[in-house]
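J.: Input file: query-v6.txt. Contents: compact mmCIF, N, CA and C atoms.
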# COMPACT_ATOMS: atom_id res chain seq x y z
N MET J 8 -7.73 1.52 -8.51
CA MET J 8 -6.72 0.49 -8.32
C MET J 8 -6.71 -0.41 -9.52
N ASP J 9 -5.54 -0.72 -10.00
CA ASP J 9 -5.37 -1.65 -11.11
C ASP J 9 -5.36 -3.06 -10.54
N ASN J 10 -6.43 -3.83 -10.78
CA ASN J 10 -6.54 -5.17 -10.22
C ASN J 10 -5.51 -6.14 -10.79
N ASN J 11 -4.76 -5.72 -11.80
CA ASN J 11 -3.72 -6.57 -12.37
C ASN J 11 -2.37 -6.32 -11.72
N GLN J 12 -2.31 -5.36 -10.77
CA GLN J 12 -1.05 -5.04 -10.10
C GLN J 12 -0.60 -6.21 -9.25
N VAL J 13 0.61 -6.71 -9.51
CA VAL J 13 1.18 -7.80 -8.74
C VAL J 13 2.58 -7.37 -8.34
N TYR J 14 2.95 -7.63 -7.11
CA TYR J 14 4.28 -7.30 -6.65
C TYR J 14 5.21 -8.47 -6.96
N LEU J 15 5.35 -9.40 -6.09
CA LEU J 15 6.08 -10.63 -6.36
C LEU J 15 5.14 -11.77 -6.08
N LYS J 16 5.15 -12.78 -6.91
CA LYS J 16 4.22 -13.89 -6.76
C LYS J 16 4.54 -14.72 -5.51
N ASN J 17 3.47 -15.04 -4.80
CA ASN J 17 3.53 -15.97 -3.67
C ASN J 17 4.48 -15.58 -2.55
N VAL J 18 4.63 -14.30 -2.25
CA VAL J 18 5.51 -13.90 -1.16
C VAL J 18 4.79 -13.11 -0.06
N ALA J 19 3.60 -12.67 -0.28
CA ALA J 19 2.90 -11.86 0.72
C ALA J 19 2.69 -12.67 2.00
N THR J 20 2.87 -12.02 3.12
CA THR J 20 2.75 -12.67 4.43
C THR J 20 1.33 -12.58 5.00
N LEU J 21 0.41 -12.02 4.25
CA LEU J 21 -0.97 -11.84 4.69
C LEU J 21 -1.64 -13.18 4.98
N LYS J 22 -2.24 -13.27 6.16
CA LYS J 22 -2.98 -14.47 6.56
C LYS J 22 -4.32 -14.04 7.15
N LEU J 23 -5.34 -14.84 6.93
CA LEU J 23 -6.68 -14.57 7.44
C LEU J 23 -7.22 -15.80 8.13
N ASP J 24 -7.61 -15.64 9.39
CA ASP J 24 -8.26 -16.72 10.13
C ASP J 24 -9.76 -16.45 10.06
N VAL J 25 -10.41 -17.09 9.12
CA VAL J 25 -11.84 -16.85 8.86
C VAL J 25 -12.69 -17.15 10.09
N THR J 26 -12.25 -18.06 10.94
CA THR J 26 -13.04 -18.40 12.13
C THR J 26 -13.13 -17.23 13.11
N LYS J 27 -12.17 -16.30 13.05
CA LYS J 27 -12.19 -15.13 13.93
C LYS J 27 -12.91 -13.94 13.30
N CYS J 28 -13.17 -13.99 12.00
CA CYS J 28 -13.77 -12.86 11.28
C CYS J 28 -15.22 -12.67 11.71
N ILE J 29 -15.58 -11.41 12.04
CA ILE J 29 -16.96 -11.09 12.42
C ILE J 29 -17.69 -10.32 11.32
N GLY J 30 -17.06 -10.16 10.18
CA GLY J 30 -17.70 -9.49 9.05
C GLY J 30 -17.90 -8.00 9.22
N CYS J 31 -17.02 -7.35 9.94
CA CYS J 31 -17.18 -5.91 10.21
C CYS J 31 -16.85 -5.04 8.99
N ASN J 32 -16.13 -5.57 8.02
CA ASN J 32 -15.81 -4.88 6.76
C ASN J 32 -14.66 -3.88 6.88
N ARG J 33 -14.06 -3.75 8.04
CA ARG J 33 -12.98 -2.76 8.20
C ARG J 33 -11.79 -3.05 7.30
N CYS J 34 -11.42 -4.32 7.17
CA CYS J 34 -10.26 -4.67 6.35
C CYS J 34 -10.47 -4.25 4.89
N ILE J 35 -11.68 -4.43 4.42
CA ILE J 35 -11.99 -4.09 3.03
C ILE J 35 -11.99 -2.57 2.84
N GLU J 36 -12.48 -1.86 3.83
CA GLU J 36 -12.52 -0.39 3.76
C GLU J 36 -11.12 0.21 3.69
N VAL J 37 -10.15 -0.38 4.38
CA VAL J 37 -8.82 0.23 4.46
C VAL J 37 -7.80 -0.31 3.46
N CYS J 38 -8.09 -1.43 2.82
CA CYS J 38 -7.13 -2.03 1.88
C CYS J 38 -7.04 -1.21 0.60
N PRO J 39 -5.85 -0.67 0.29
CA PRO J 39 -5.73 0.16 -0.90
C PRO J 39 -5.71 -0.62 -2.22
N HIS J 40 -5.56 -1.95 -2.15
CA HIS J 40 -5.43 -2.74 -3.37
C HIS J 40 -6.50 -3.80 -3.55
N GLU J 41 -7.59 -3.68 -2.80
CA GLU J 41 -8.73 -4.59 -2.96
C GLU J 41 -8.32 -6.05 -2.89
N VAL J 42 -7.49 -6.36 -1.91
CA VAL J 42 -7.00 -7.73 -1.71
C VAL J 42 -8.09 -8.61 -1.11
N LEU J 43 -8.98 -7.99 -0.34
CA LEU J 43 -10.03 -8.72 0.37
C LEU J 43 -11.41 -8.35 -0.14
N VAL J 44 -12.32 -9.29 -0.03
CA VAL J 44 -13.74 -9.04 -0.33
C VAL J 44 -14.56 -9.67 0.80
N MET J 45 -15.81 -9.28 0.88
CA MET J 45 -16.72 -9.89 1.85
C MET J 45 -17.55 -10.93 1.11
N GLU J 46 -17.57 -12.14 1.65
CA GLU J 46 -18.32 -13.23 1.04
C GLU J 46 -18.99 -14.03 2.15
N ASP J 47 -20.28 -14.14 2.10
CA ASP J 47 -21.05 -14.84 3.14
C ASP J 47 -20.75 -14.28 4.53
N LYS J 48 -20.68 -12.96 4.62
CA LYS J 48 -20.47 -12.24 5.88
C LYS J 48 -19.12 -12.54 6.53
N LYS J 49 -18.15 -12.94 5.72
CA LYS J 49 -16.78 -13.18 6.17
C LYS J 49 -15.81 -12.59 5.15
N ALA J 50 -14.68 -12.09 5.62
CA ALA J 50 -13.65 -11.59 4.71
C ALA J 50 -13.02 -12.78 3.99
N LYS J 51 -12.57 -12.50 2.78
CA LYS J 51 -11.91 -13.52 1.97
C LYS J 51 -10.78 -12.86 1.19
N ILE J 52 -9.60 -13.47 1.17
CA ILE J 52 -8.48 -12.97 0.38
C ILE J 52 -8.69 -13.41 -1.06
N VAL J 53 -8.72 -12.43 -1.98
CA VAL J 53 -8.95 -12.77 -3.39
C VAL J 53 -7.77 -12.46 -4.29
N THR J 54 -6.93 -11.52 -3.91
CA THR J 54 -5.78 -11.16 -4.75
C THR J 54 -4.54 -11.02 -3.87
N LEU J 55 -4.07 -12.13 -3.31
CA LEU J 55 -2.95 -12.12 -2.38
C LEU J 55 -1.72 -11.45 -2.98
N ASP J 56 -1.43 -11.69 -4.23
CA ASP J 56 -0.23 -11.13 -4.85
C ASP J 56 -0.30 -9.62 -5.03
N ALA J 57 -1.47 -9.03 -4.85
CA ALA J 57 -1.60 -7.57 -4.92
C ALA J 57 -1.34 -6.92 -3.57
N CYS J 58 -1.18 -7.72 -2.53
CA CYS J 58 -0.95 -7.19 -1.17
C CYS J 58 0.42 -6.54 -1.10
N MET J 59 0.45 -5.27 -0.66
CA MET J 59 1.72 -4.58 -0.50
C MET J 59 2.19 -4.59 0.96
N GLU J 60 1.49 -5.36 1.78
CA GLU J 60 1.85 -5.57 3.17
C GLU J 60 1.95 -4.27 3.97
N CYS J 61 1.01 -3.37 3.75
CA CYS J 61 1.00 -2.11 4.48
C CYS J 61 0.55 -2.30 5.92
N GLY J 62 -0.23 -3.34 6.19
CA GLY J 62 -0.67 -3.64 7.54
C GLY J 62 -1.97 -2.99 7.97
N ALA J 63 -2.57 -2.19 7.09
CA ALA J 63 -3.80 -1.49 7.47
C ALA J 63 -4.92 -2.44 7.85
N CYS J 64 -5.05 -3.54 7.14
CA CYS J 64 -6.12 -4.50 7.43
C CYS J 64 -5.94 -5.11 8.81
N ALA J 65 -4.73 -5.54 9.13
CA ALA J 65 -4.46 -6.16 10.42
C ALA J 65 -4.64 -5.17 11.57
N LYS J 66 -4.18 -3.94 11.36
CA LYS J 66 -4.28 -2.93 12.41
C LYS J 66 -5.72 -2.55 12.71
N ASN J 67 -6.59 -2.69 11.73
CA ASN J 67 -7.99 -2.30 11.90
C ASN J 67 -8.91 -3.47 12.21
N CYS J 68 -8.40 -4.67 12.29
CA CYS J 68 -9.22 -5.84 12.56
C CYS J 68 -9.44 -5.97 14.07
N PRO J 69 -10.69 -5.82 14.53
CA PRO J 69 -10.94 -5.85 15.97
C PRO J 69 -10.77 -7.22 16.61
N THR J 70 -10.78 -8.28 15.82
CA THR J 70 -10.66 -9.63 16.38
C THR J 70 -9.32 -10.27 16.09
N LYS J 71 -8.41 -9.53 15.47
CA LYS J 71 -7.08 -10.06 15.12
C LYS J 71 -7.17 -11.27 14.20
N ALA J 72 -8.16 -11.26 13.31
CA ALA J 72 -8.32 -12.35 12.35
C ALA J 72 -7.29 -12.26 11.22
N ILE J 73 -6.69 -11.09 11.07
CA ILE J 73 -5.73 -10.87 9.99
C ILE J 73 -4.35 -10.61 10.57
N THR J 74 -3.35 -11.26 9.98
CA THR J 74 -1.97 -10.99 10.35
C THR J 74 -1.19 -10.73 9.07
N VAL J 75 -0.20 -9.87 9.18
CA VAL J 75 0.68 -9.56 8.05
C VAL J 75 1.95 -8.95 8.63
N LYS J 76 3.08 -9.33 8.06
CA LYS J 76 4.34 -8.74 8.48
C LYS J 76 4.53 -7.46 7.69
N SER J 77 3.92 -6.40 8.16
CA SER J 77 3.99 -5.14 7.42
C SER J 77 5.41 -4.59 7.44
N GLY J 78 5.77 -4.00 6.32
CA GLY J 78 7.08 -3.39 6.21
C GLY J 78 8.19 -4.30 5.72
N VAL J 79 7.88 -5.58 5.50
CA VAL J 79 8.94 -6.48 5.03
C VAL J 79 8.78 -6.81 3.56
N GLY J 80 7.67 -7.22 3.18
CA GLY J 80 7.22 -7.60 1.85
C GLY J 80 8.14 -7.48 0.67
N CYS J 81 7.56 -7.05 -0.40
CA CYS J 81 8.20 -7.10 -1.70
C CYS J 81 9.41 -6.19 -1.83
N ALA J 82 9.34 -5.02 -1.25
CA ALA J 82 10.48 -4.11 -1.37
C ALA J 82 11.73 -4.75 -0.76
N ALA J 83 11.58 -5.34 0.41
CA ALA J 83 12.72 -5.99 1.04
C ALA J 83 13.20 -7.17 0.20
N GLY J 84 12.27 -7.93 -0.37
CA GLY J 84 12.63 -9.06 -1.22
C GLY J 84 13.43 -8.62 -2.43
N ILE J 85 13.03 -7.54 -3.04
CA ILE J 85 13.73 -7.01 -4.22
C ILE J 85 15.12 -6.51 -3.82
N ILE J 86 15.18 -5.73 -2.74
CA ILE J 86 16.47 -5.19 -2.29
C ILE J 86 17.43 -6.32 -1.92
N ASN J 87 16.95 -7.30 -1.16
CA ASN J 87 17.81 -8.42 -0.78
C ASN J 87 18.29 -9.19 -2.01
N GLY J 88 17.43 -9.37 -3.00
CA GLY J 88 17.83 -10.04 -4.23
C GLY J 88 18.92 -9.29 -4.96
N ILE J 89 18.79 -7.98 -5.02
CA ILE J 89 19.80 -7.16 -5.68
C ILE J 89 21.13 -7.25 -4.93
N LEU J 90 21.06 -7.12 -3.61
CA LEU J 90 22.28 -7.17 -2.80
C LEU J 90 22.98 -8.52 -2.87
N ARG J 91 22.19 -9.57 -2.96
CA ARG J 91 22.77 -10.92 -3.00
C ARG J 91 23.04 -11.42 -4.41
N GLY J 92 22.55 -10.68 -5.41
CA GLY J 92 22.72 -11.11 -6.79
C GLY J 92 21.85 -12.30 -7.14
N THR J 93 20.68 -12.40 -6.47
CA THR J 93 19.76 -13.51 -6.69
C THR J 93 18.40 -12.96 -7.13
N GLU J 94 17.50 -13.88 -7.45
CA GLU J 94 16.14 -13.47 -7.77
C GLU J 94 15.48 -12.91 -6.51
N PRO J 95 14.60 -11.93 -6.65
CA PRO J 95 13.87 -11.41 -5.49
C PRO J 95 13.07 -12.52 -4.83
N THR J 96 13.14 -12.61 -3.50
CA THR J 96 12.41 -13.64 -2.79
C THR J 96 12.10 -13.21 -1.37
N CYS J 97 11.05 -13.75 -0.84
CA CYS J 97 10.73 -13.60 0.57
C CYS J 97 10.48 -14.98 1.14
N ASP J 98 11.17 -15.97 0.62
CA ASP J 98 11.01 -17.35 1.06
C ASP J 98 11.70 -17.54 2.39
N CYS J 99 10.92 -17.59 3.45
CA CYS J 99 11.49 -17.69 4.80
C CYS J 99 11.82 -19.12 5.20
N SER J 100 11.74 -20.07 4.27
CA SER J 100 12.14 -21.43 4.62
C SER J 100 13.65 -21.52 4.80
N ASP J 101 14.39 -20.60 4.18
CA ASP J 101 15.84 -20.51 4.36
C ASP J 101 16.10 -19.24 5.18
N PRO J 102 16.54 -19.38 6.44
CA PRO J 102 16.72 -18.21 7.30
C PRO J 102 17.60 -17.13 6.70
N GLY J 103 18.52 -17.47 5.85
CA GLY J 103 19.39 -16.48 5.23
C GLY J 103 18.73 -15.69 4.13
N SER J 104 17.57 -16.13 3.65
CA SER J 104 16.93 -15.44 2.54
C SER J 104 15.68 -14.67 2.96
N CYS J 105 15.33 -14.78 4.22
CA CYS J 105 14.08 -14.17 4.68
C CYS J 105 14.21 -12.65 4.76
N CYS J 106 13.16 -11.99 4.33
CA CYS J 106 13.13 -10.53 4.45
C CYS J 106 13.00 -10.16 5.89
Could you quickly redo this structure as structure tokens?
T.:
Amino acid sequence: MDNNQVYLKNVATLKLDVTKCIGCNRCIEVCPHEVLVMEDKKAKIVTLDACMECGACAKNCPTKAITVKSGVGCAAGIINGILRGTEPTCDCSDPGSCC
């Protein structure tokens, strides 16, 4: 994996509730882009912009500590930007621009 791979800056929907993390390591095992690492027996997001929002981490988390809107991410942001003639975005603060 190229650790410099970035999709779109600051648009990934990946969230981690560290208080629910039990340190099972499943999210790290399944993440294809090394977005997460284990630190002090808890998962930690280290490269959020590398997240392709595949959902593997959330689907494999036994405590639901991870959430991600899989299938919407960067591809939808790029397509919506092209269709609207705007910059690619997944900024959901404007309901009309949300992926």
J.: Quick one: distance from atom N of J:Met59 to atom CA of J:Asn87 in Å, one decimal?
T.: 17.6 Å
J.: Can you tell me, as an MDAnalysis selection string, what residues are no more than 12 Å from J:Thr70 when counting only C-alpha atoms, ignoring any on the same chain fewer than 5 positions away?
T.: chainID J and resid 23:34 64:65
J.: Take atom CA of J:Asp56 and atom N of J:Gly92 and report the distance between them in Å, one decimal.
T.: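 Going from atom CA of J:Asp56 over to atom N of J:Gly92, I get 22.8 Å.
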J.: Which distance in Å separates atom C of J:Lys16 and atom N of J:Lys71, to one decimal?
T.: 25.2 Å
